[in-house]
file upload19.txt (compact mmCIF, C-alpha atoms)
# COMPACT_ATOMS: atom_id res chain seq x y z
CA MET F 3 116.13 101.34 95.67
CA ALA F 4 112.85 102.99 96.45
CA GLU F 5 114.10 106.30 95.19
CA GLN F 6 114.84 104.70 91.85
CA ALA F 7 111.22 103.64 91.50
CA GLN F 8 110.08 107.25 91.17
CA GLU F 9 110.20 108.12 87.54
CA ASN F 10 111.68 111.40 86.50
CA SER F 11 108.80 112.67 84.41
CA SER F 12 108.33 116.34 83.65
CA LEU F 13 105.54 116.48 86.23
CA SER F 14 107.84 115.02 88.87
CA ALA F 15 110.39 117.69 88.00
CA VAL F 16 107.84 120.50 88.36
CA VAL F 17 106.58 118.97 91.62
CA ALA F 18 110.16 119.01 92.87
CA ASP F 19 110.55 122.65 91.80
CA VAL F 20 107.39 123.72 93.61
CA ALA F 21 108.34 121.71 96.70
CA ALA F 22 111.77 123.35 96.74
CA GLY F 23 110.17 126.80 96.43
CA VAL F 24 107.81 126.14 99.33
CA ALA F 25 110.60 124.74 101.50
CA LEU F 26 112.68 127.83 100.76
CA ALA F 27 109.77 130.07 101.68
CA LEU F 28 109.36 128.17 104.96
CA ASP F 29 112.98 128.75 105.82
CA GLY F 30 112.62 132.46 105.14
CA GLY F 31 114.50 132.43 101.85
CA ARG F 32 111.54 133.71 99.86
CA ASP F 33 108.41 135.76 100.29
CA SER F 34 105.38 133.80 101.49
CA SER F 35 103.82 133.90 98.05
CA ALA F 36 105.86 130.93 96.94
CA LEU F 37 103.43 129.80 94.30
CA SER F 38 102.67 132.75 92.07
CA GLY F 39 106.29 133.86 92.27
CA VAL F 40 107.72 130.68 90.81
CA LEU F 41 104.94 129.33 88.60
CA ALA F 42 103.20 130.28 85.40
CA GLN F 43 99.55 130.53 86.41
CA ASP F 44 98.07 128.80 83.37
CA ASP F 45 100.68 126.12 82.94
CA PRO F 46 98.88 122.75 83.23
CA LEU F 47 102.03 121.16 84.64
CA ALA F 48 102.28 123.78 87.37
CA LEU F 49 98.62 123.33 88.31
CA ALA F 50 99.08 119.55 88.36
CA ALA F 51 102.10 119.95 90.62
CA ILE F 52 100.04 122.01 93.06
CA ARG F 53 97.38 119.30 93.07
CA VAL F 54 100.04 116.65 93.81
CA LEU F 55 101.56 118.59 96.71
CA GLY F 56 98.13 119.52 98.07
CA ALA F 57 97.88 121.65 101.19
CA ASP F 58 101.67 121.77 101.53
CA VAL F 59 101.84 124.50 98.89
CA LEU F 60 100.17 126.83 101.41
CA ALA F 61 102.39 125.83 104.33
CA PRO F 62 104.19 129.22 104.42
CA TYR F 63 100.84 130.92 104.97
CA ALA F 64 100.02 128.48 107.77
CA LEU F 65 103.36 129.26 109.39
CA ARG F 66 102.80 132.99 109.04
CA ALA F 67 99.36 132.52 110.56
CA GLY F 68 100.98 131.21 113.70
CA GLY F 69 101.39 127.50 113.19
CA GLY F 70 104.86 127.36 114.73
CA PRO F 71 106.13 125.01 117.45
CA GLY F 72 103.89 124.67 120.45
CA THR F 73 100.68 125.69 118.76
CA THR F 74 99.41 122.27 117.71
CA THR F 75 97.73 119.63 119.75
CA ASP F 76 96.89 116.00 119.17
CA THR F 77 93.38 116.80 118.18
CA GLY F 78 94.01 120.10 116.51
CA THR F 79 91.11 121.60 118.46
CA ASP F 80 93.06 124.60 119.71
CA MET F 81 94.33 125.22 116.25
CA ASP F 82 90.86 125.02 114.79
CA SER F 83 89.60 127.75 117.08
CA GLY F 84 92.68 129.79 116.17
CA MET F 85 91.91 129.34 112.49
CA ALA F 86 88.37 130.54 112.99
CA HIS F 87 89.70 133.62 114.78
CA ARG F 88 92.09 134.37 111.95
CA ARG F 89 89.38 133.96 109.34
CA THR F 90 87.32 136.54 111.16
CA ALA F 91 90.29 138.88 111.37
CA ARG F 92 90.96 138.57 107.64
CA ALA F 93 87.33 139.10 106.77
CA SER F 94 87.56 142.47 108.48
CA GLY F 95 90.11 143.60 105.90
CA VAL F 96 93.47 142.89 107.46
CA GLY F 97 96.34 143.09 104.98
CA ALA F 98 96.31 145.16 101.82
CA GLY F 99 99.99 145.39 100.87
CA PRO F 100 102.21 143.36 98.52
CA ALA F 101 101.83 140.30 100.76
CA ALA F 102 98.06 140.49 100.39
CA ARG F 103 98.40 140.80 96.62
CA GLY F 104 100.68 137.76 96.60
CA ALA F 105 98.16 135.85 98.67
CA ARG F 106 95.41 136.76 96.24
CA ALA F 107 97.53 135.57 93.32
CA ASP F 108 98.32 132.32 95.14
CA GLY F 109 94.66 131.83 95.95
CA GLU F 110 93.90 132.19 92.26
CA VAL F 111 96.53 129.60 91.33
CA VAL F 112 95.20 127.15 93.91
CA ARG F 113 91.65 127.67 92.70
CA LYS F 114 92.73 126.94 89.13
CA ALA F 115 94.55 123.79 90.24
CA LEU F 116 91.49 122.56 92.11
CA ALA F 117 89.25 123.27 89.12
CA ALA F 118 91.66 121.67 86.63
CA TYR F 119 92.25 118.42 88.54
CA PRO F 120 89.18 117.52 90.58
CA PRO F 121 89.01 113.93 91.83
CA GLY F 122 87.09 111.82 89.35
CA ALA F 123 84.40 109.26 90.09
CA ASP F 124 87.03 106.52 90.37
CA ALA F 125 89.52 108.62 92.31
CA SER F 126 91.43 106.99 95.13
CA GLU F 127 90.69 107.84 98.73
CA VAL F 128 94.09 109.49 99.00
CA SER F 129 93.21 111.75 96.08
CA LEU F 130 89.92 112.71 97.71
CA TRP F 131 91.62 113.46 101.01
CA SER F 132 94.31 115.50 99.33
CA TYR F 133 91.77 117.51 97.35
CA ARG F 134 89.74 118.18 100.46
CA GLY F 135 92.91 119.18 102.32
CA LEU F 136 93.85 121.74 99.68
CA VAL F 137 90.33 123.20 99.73
CA GLU F 138 90.43 123.41 103.52
CA ALA F 139 93.93 124.92 103.54
CA SER F 140 92.99 127.62 101.06
CA ARG F 141 90.02 128.53 103.26
CA ALA F 142 91.97 128.42 106.49
CA TYR F 143 95.28 130.02 105.53
CA LEU F 144 94.51 132.45 102.73
CA PRO F 145 92.78 135.79 103.28
CA ALA F 146 89.00 135.88 103.21
CA GLY F 147 87.53 135.41 99.77
CA GLN F 148 90.57 133.55 98.45
CA GLY F 149 89.38 130.11 99.47
CA GLY F 150 89.00 127.27 97.04
CA PRO F 151 85.82 126.19 95.31
CA GLU F 152 83.22 123.94 96.79
CA SER F 153 83.98 120.27 96.41
CA PRO F 154 82.61 119.00 93.09
CA ALA F 155 79.84 116.43 93.43
CA GLY F 156 80.48 116.15 97.16
CA ALA F 157 83.89 114.62 96.59
CA GLY F 158 85.39 116.34 99.56
CA ASP F 159 82.51 115.38 101.82
CA ARG F 160 83.04 111.74 100.94
CA ALA F 161 86.64 112.07 101.97
CA ALA F 162 86.16 114.04 105.13
CA GLY F 163 83.35 112.05 106.72
CA PRO F 164 84.06 110.41 110.08
CA ALA F 165 83.14 107.02 108.60
CA ALA F 166 85.92 107.40 106.06
CA VAL F 167 88.33 108.12 108.91
CA ALA F 168 87.17 105.29 111.13
CA GLY F 169 87.49 102.52 108.54
CA TRP F 170 91.11 102.15 107.54
CA LEU F 171 92.50 104.18 110.41
CA GLN F 172 91.55 101.53 112.93
CA ALA F 173 91.59 98.42 110.81
CA ASP F 174 94.69 98.70 108.62
CA PRO F 175 97.76 96.74 109.69
CA TRP F 176 100.68 98.98 110.63
CA PRO F 177 102.64 98.78 107.33
CA GLN F 178 99.58 99.82 105.30
CA LEU F 179 98.64 102.44 107.86
CA ALA F 180 102.10 103.97 107.73
CA HIS F 181 102.13 103.99 103.94
CA ARG F 182 98.77 105.74 103.76
CA ALA F 183 99.71 108.19 106.50
CA SER F 184 102.79 109.18 104.52
CA GLN F 185 100.63 109.75 101.43
CA LEU F 186 98.43 112.06 103.49
CA ALA F 187 101.30 113.90 105.16
CA ALA F 188 100.12 117.27 103.82
CA LEU F 189 97.05 116.95 106.04
CA SER F 190 99.25 117.09 109.12
CA LEU F 191 99.32 120.88 108.76
CA PRO F 192 97.54 122.53 111.68
CA GLY F 193 93.76 122.45 111.68
CA LEU F 194 93.19 120.62 108.40
CA ALA F 195 92.04 117.15 109.45
CA PRO F 196 91.58 116.93 113.23
CA ALA F 197 89.85 113.54 113.11
CA LEU F 198 92.66 112.05 111.07
CA ALA F 199 95.28 113.54 113.37
CA THR F 200 93.50 112.15 116.43
CA GLY F 201 93.20 108.71 114.88
CA LEU F 202 96.86 108.60 113.90
CA ALA F 203 97.96 109.91 117.29
CA ALA F 204 96.23 106.89 118.80
CA ARG F 205 98.49 104.65 116.72
CA THR F 206 101.78 106.34 117.46
CA GLU F 207 103.53 103.03 118.04
CA ASP F 208 102.42 101.71 114.66
CA LEU F 209 103.57 104.90 112.96
CA SER F 210 106.92 104.57 114.71
CA ARG F 211 107.24 101.03 113.36
CA GLY F 212 106.36 102.34 109.92
CA PHE F 213 109.01 105.06 110.19
CA VAL F 214 111.71 102.52 110.99
CA ARG F 215 110.47 100.20 108.25
CA ALA F 216 110.56 103.00 105.67
CA VAL F 217 114.10 103.92 106.68
CA ARG F 218 115.17 100.27 106.46
CA ARG F 219 113.64 100.10 102.98
CA ARG F 220 115.39 103.34 102.07
CA ASP F 221 112.00 104.81 101.13
CA TRP F 222 112.95 108.32 102.16
CA LEU F 223 109.75 110.02 100.97
CA GLN F 224 107.61 107.65 103.00
CA ALA F 225 109.87 107.98 106.02
CA ALA F 226 109.71 111.78 105.87
CA GLY F 227 105.92 111.73 105.51
CA ILE F 228 105.47 109.46 108.52
CA GLY F 229 108.01 111.55 110.41
CA ARG F 230 105.82 114.61 109.93
CA TRP F 231 102.87 112.92 111.61
CA LEU F 232 105.11 111.69 114.41
CA ALA F 233 106.49 115.21 114.85
CA ARG F 234 102.99 116.35 115.87
CA VAL F 235 102.66 113.72 118.57
CA PRO F 236 103.98 114.65 122.02
CA ASP F 237 104.38 111.10 123.32
CA VAL F 238 106.52 109.71 120.54
CA PRO F 239 109.02 107.30 122.17
CA ASP F 240 112.50 108.73 122.72
CA THR F 241 114.00 105.42 121.67
CA LEU F 242 112.76 106.08 118.12
CA GLY F 243 115.27 108.91 117.72
CA LEU F 244 112.89 110.96 115.60
CA ASP F 245 115.07 114.07 115.48
CA THR F 246 118.20 112.32 114.30
CA GLY F 247 116.05 110.08 112.12
CA LEU F 248 114.63 113.05 110.24
CA VAL F 249 118.11 114.50 109.77
CA TYR F 250 119.32 111.13 108.49
CA VAL F 251 116.39 110.79 106.09
CA LEU F 252 117.01 114.27 104.70
CA ARG F 253 120.69 113.57 104.12
CA MET F 254 120.18 110.14 102.62
CA SER F 255 117.44 111.32 100.25
CA GLY F 256 120.06 112.86 98.02
CA GLY F 257 118.40 116.25 97.70
CA ASP F 258 114.84 115.02 97.10
CA ALA F 259 112.83 118.26 97.25
CA ARG F 260 109.68 116.57 98.59
CA VAL F 261 111.64 114.97 101.41
CA ALA F 262 113.22 118.36 102.12
CA LEU F 263 109.75 119.93 102.27
CA HIS F 264 108.47 117.29 104.72
CA THR F 265 111.46 117.71 107.01
CA ALA F 266 111.27 121.51 106.76
CA ILE F 267 107.63 121.42 107.88
CA ALA F 268 108.44 119.05 110.76
CA ARG F 269 111.16 121.44 111.84
CA ARG F 270 109.35 124.74 111.38
CA PHE F 271 105.93 123.70 112.71
CA HIS F 272 106.86 121.22 115.41
CA GLY F 273 110.53 121.86 116.17
CA ARG F 274 111.55 118.30 115.29
CA GLY F 275 114.55 117.26 113.24
CA ALA F 276 117.54 119.52 112.65
CA ARG F 277 117.64 122.42 115.07
CA MET U 224 94.61 124.84 66.38
CA ALA U 225 96.55 121.67 66.80
CA SER U 226 97.50 122.73 70.32
CA ASP U 227 93.83 123.39 71.11
CA LEU U 228 92.90 119.88 70.07
CA SER U 229 95.72 118.28 72.03
CA ALA U 230 95.07 120.29 75.19
CA PRO U 231 92.28 118.07 76.62
CA VAL U 232 94.32 114.96 75.89
CA GLU U 233 97.29 116.46 77.66
CA THR U 234 95.15 117.44 80.65
CA ALA U 235 93.65 113.95 80.84
CA ALA U 236 97.12 112.42 80.74
CA LEU U 237 98.27 114.82 83.42
CA ALA U 238 95.23 114.01 85.55
CA ALA U 239 96.13 110.32 85.36
CA GLU U 240 99.71 111.16 86.29
CA VAL U 241 98.50 113.25 89.23
CA GLU U 242 96.44 110.29 90.45
CA GLY U 243 99.47 108.06 90.09
CA LEU U 244 101.69 110.38 92.10
CA LEU U 245 99.07 110.92 94.80
CA ASP U 246 98.27 107.24 95.30
CA SER U 247 101.59 105.68 94.41
CA ALA U 248 101.97 102.03 95.29
CA GLU U 249 104.63 101.06 97.73
CA PRO U 250 107.59 99.58 95.87
CA GLU U 251 107.76 95.84 96.28
CA GLY U 252 110.92 93.83 96.31
CA ILE U 253 113.82 92.68 98.36
CA TYR U 254 115.83 95.53 99.72
CA ARG U 255 119.55 95.04 100.04
CA ASP U 256 122.15 97.58 100.90
CA THR U 257 124.37 98.05 97.85
CA ARG U 258 127.42 98.80 99.97
CA GLU U 259 126.91 95.65 102.04
CA CYS U 260 126.54 93.59 98.87
CA GLY U 261 129.69 95.18 97.43
CA ALA U 262 131.67 94.38 100.56
CA GLY U 263 130.44 90.77 100.48
CA LEU U 264 131.43 90.41 96.84
CA LEU U 265 134.88 91.83 97.55
CA LEU U 266 135.40 89.37 100.40
CA LEU U 267 134.30 86.45 98.23
CA GLY U 268 136.67 87.51 95.45
CA ALA U 269 139.57 87.87 97.87
CA LEU U 270 138.95 84.36 99.17
CA LEU U 271 138.83 82.90 95.67
CA ILE U 272 142.03 84.48 94.39
CA SER U 273 144.03 83.98 97.58
CA PRO U 274 147.07 81.65 97.28
CA PRO U 275 146.78 78.13 98.73
CA THR U 276 147.62 77.54 102.32
CA PRO U 277 151.36 76.79 102.65
CA ARG U 278 151.99 73.19 103.70
CA PRO U 279 155.15 71.64 105.11
CA PRO U 280 157.37 70.01 102.45
CA LYS U 281 157.13 66.25 102.15
CA THR U 282 160.10 64.31 103.43
CA ASP U 283 161.11 60.80 102.24
CA ALA U 284 161.02 58.25 105.04
CA ARG U 285 163.62 55.72 103.89
call {"tool": "encode", "arguments": {"input": "upload19.txt", "output": "structure tokens"}}
result
Amino acid sequence: MAEQAQENSSLSAVVADVAAGVALALDGGRDSSALSGVLAQDDPLALAAIRVLGADVLAPYALRAGGGPGTTTDTGTDMDSGMAHRRTARASGVGAGPAARGARADGEVVRKALAAYPPGADASEVSLWSYRGLVEASRAYLPAGQGGPESPAGAGDRAAGPAAVAGWLQADPWPQLAHRASQLAALSLPGLAPALATGLAARTEDLSRGFVRAVRRRDWLQAAGIGRWLARVPDVPDTLGLDTGLVYVLRMSGGDARVALHTAIARRFHGRGAR
Amino acid sequence: MASDLSAPVETAALAAEVEGLLDSAEPEGIYRDTRECGAGLLLLGALLISPPTPRPPKTDAR
């Protein structure tokens, strides 16, 4: 029923195409430059799709940078120091082949998407977070100089402040928390939002409840998004059956590309779900 | 020229659609499993069209 609620607009179709391309790249079916290879750079729909998917569009670069199983922590602190190391390495001129050219092209596409669809004055908090996540991902995962633009009018700073994290993360009841966590699933990539990851890790039980609730409601996209956050957490209860749950969600989603992308990231980065 | 004029409108519409997809509301409603409902309906139909319970024939007590 929930899957019927999502309208099949042209943007949704392009979002699905991009998500499928990224998931394929994660599974080794494509080159890492998943964006510039499958999208027309100046197509407004393509840029909008990148903005919708957020940091997830750069997930193959994060994986290539060493974000595989065993490299993430609850707080993301280890990963953050790793990111800083990689940034330094790239600044020294590492990579000049076709992969580097693809990364440059992808960086350009991401920059255009960020410039074309900045969060407005009345943008939702989720939109601000997502924008900030894409900016941070382009800085962290792409080679030096390919990072995104500064946040317009401090939009990203509003979203990334500790106060913004503390408010809803501690106060929201578990159904609302789980819903919002699923909307921000792209930020579960290594090193993007350590404060958010720490806060959600402290509410593992509530996220687990939300995962079960989403499955019961047949809201496969929400279930997959929550599952990604749970995949990061080491002390997720065994009784939840997260691995089989993620496999079930993927199968029941009926080929939803965004669900497939979430489950692919849970599998490739954290080793959860289908082995 | 017409496409130039419509471009900002299209971008604004897309921006609104992006916002909608990013901050989509959780679908409200009562969630029922279609297969469970179908099975229940089938059972109800079978009960309604089933023949009456056979009863012993009446005998005259003269």
call {"tool": "residues_around", "arguments": {"input": "upload19.txt", "residues": "Met254 (chain F)", "least_positions_apart": "3", "cutoff": "8 Å", "atoms": "all atoms listed in the file", "output": "PyMOL selection string"}}
result
chain F and resi 222+250-251
call {"tool": "residues_around", "arguments": {"input": "upload19.txt", "residues": "Val20 (chain F)", "least_positions_apart": "4", "cutoff": "10 Å", "atoms": "only C-alpha atoms", "output": "short mmCIF file (atom, residue, chain, number, x, y, z; two decimals) with C-alpha atoms, in the frame of the given file"}}
result
data_model
loop_
_atom_site.label_atom_id
_atom_site.label_comp_id
_atom_site.auth_asym_id
_atom_site.auth_seq_id
_atom_site.Cartn_x
_atom_site.Cartn_y
_atom_site.Cartn_z
CA SER F 14 107.84 115.02 88.87
CA ALA F 15 110.39 117.69 88.00
CA VAL F 16 107.84 120.50 88.36
CA VAL F 24 107.81 126.14 99.33
CA ALA F 25 110.60 124.74 101.50
CA LEU F 26 112.68 127.83 100.76
CA ALA F 36 105.86 130.93 96.94
CA LEU F 37 103.43 129.80 94.30
CA VAL F 40 107.72 130.68 90.81
CA LEU F 41 104.94 129.33 88.60
CA ALA F 48 102.28 123.78 87.37
CA ALA F 51 102.10 119.95 90.62
CA ILE F 52 100.04 122.01 93.06
CA LEU F 55 101.56 118.59 96.71
CA ASP F 58 101.67 121.77 101.53
CA VAL F 59 101.84 124.50 98.89
CA ALA F 259 112.83 118.26 97.25
CA ARG F 260 109.68 116.57 98.59
CA LEU F 263 109.75 119.93 102.27
#
call {"tool": "interface_residues", "arguments": {"input": "upload19.txt", "of": "chain F", "to": "chain U", "cutoff": "10 Å", "atoms": "only C-alpha atoms", "output": "ChimeraX atom specification"}}
result
/F:3-9,11,13-14,17,46-47,49-56,118-122,125-130,132,178,181-182,185-186,218-221,224
call {"tool": "atom_distance", "arguments": {"input": "upload19.txt", "atom1": "CA of Leu171 (chain F)", "atom2": "CA of Leu194 (chain F)"}}
result
16.6 Å
call {"tool": "atom_distance", "arguments": {"input": "upload19.txt", "atom1": "CA of Leu209 (chain F)", "atom2": "CA of Leu232 (chain F)"}}
result
7.1 Å
call {"tool": "closest_residue", "arguments": {"input": "upload19.txt", "among": "F:Ala102, F:Arg205, F:Pro62, F:Val217", "to": "Leu28 (chain F)", "atoms": "all atoms listed in the file"}}
result
F:Pro62
call {"tool": "residues_around", "arguments": {"input": "upload19.txt", "residues": "Tyr143 (chain F)", "least_positions_apart": "4", "cutoff": "7 Å", "atoms": "all atoms listed in the file", "output": "list in words"}}
result
Tyr63, Ala64, Ala67 and Ala139 of chain F
call {"tool": "atom_distance", "arguments": {"input": "upload19.txt", "atom1": "CA of Arg113 (chain F)", "atom2": "CA of Leu60 (chain F)"}}
result
12.2 Å
call {"tool": "residues_around", "arguments": {"input": "upload19.txt", "residues": "Gly227 (chain F)", "least_positions_apart": "4", "cutoff": "7 Å", "atoms": "only C-alpha atoms", "output": "ChimeraX atom specification"}}
result
/F:184-185,187,223,231,264
call {"tool": "closest_residue", "arguments": {"input": "upload19.txt", "among": "F:Pro175, F:Gly104, F:Pro236, F:Gly275", "to": "Gly39 (chain F)", "atoms": "all atoms listed in the file"}}
result
F:Gly104
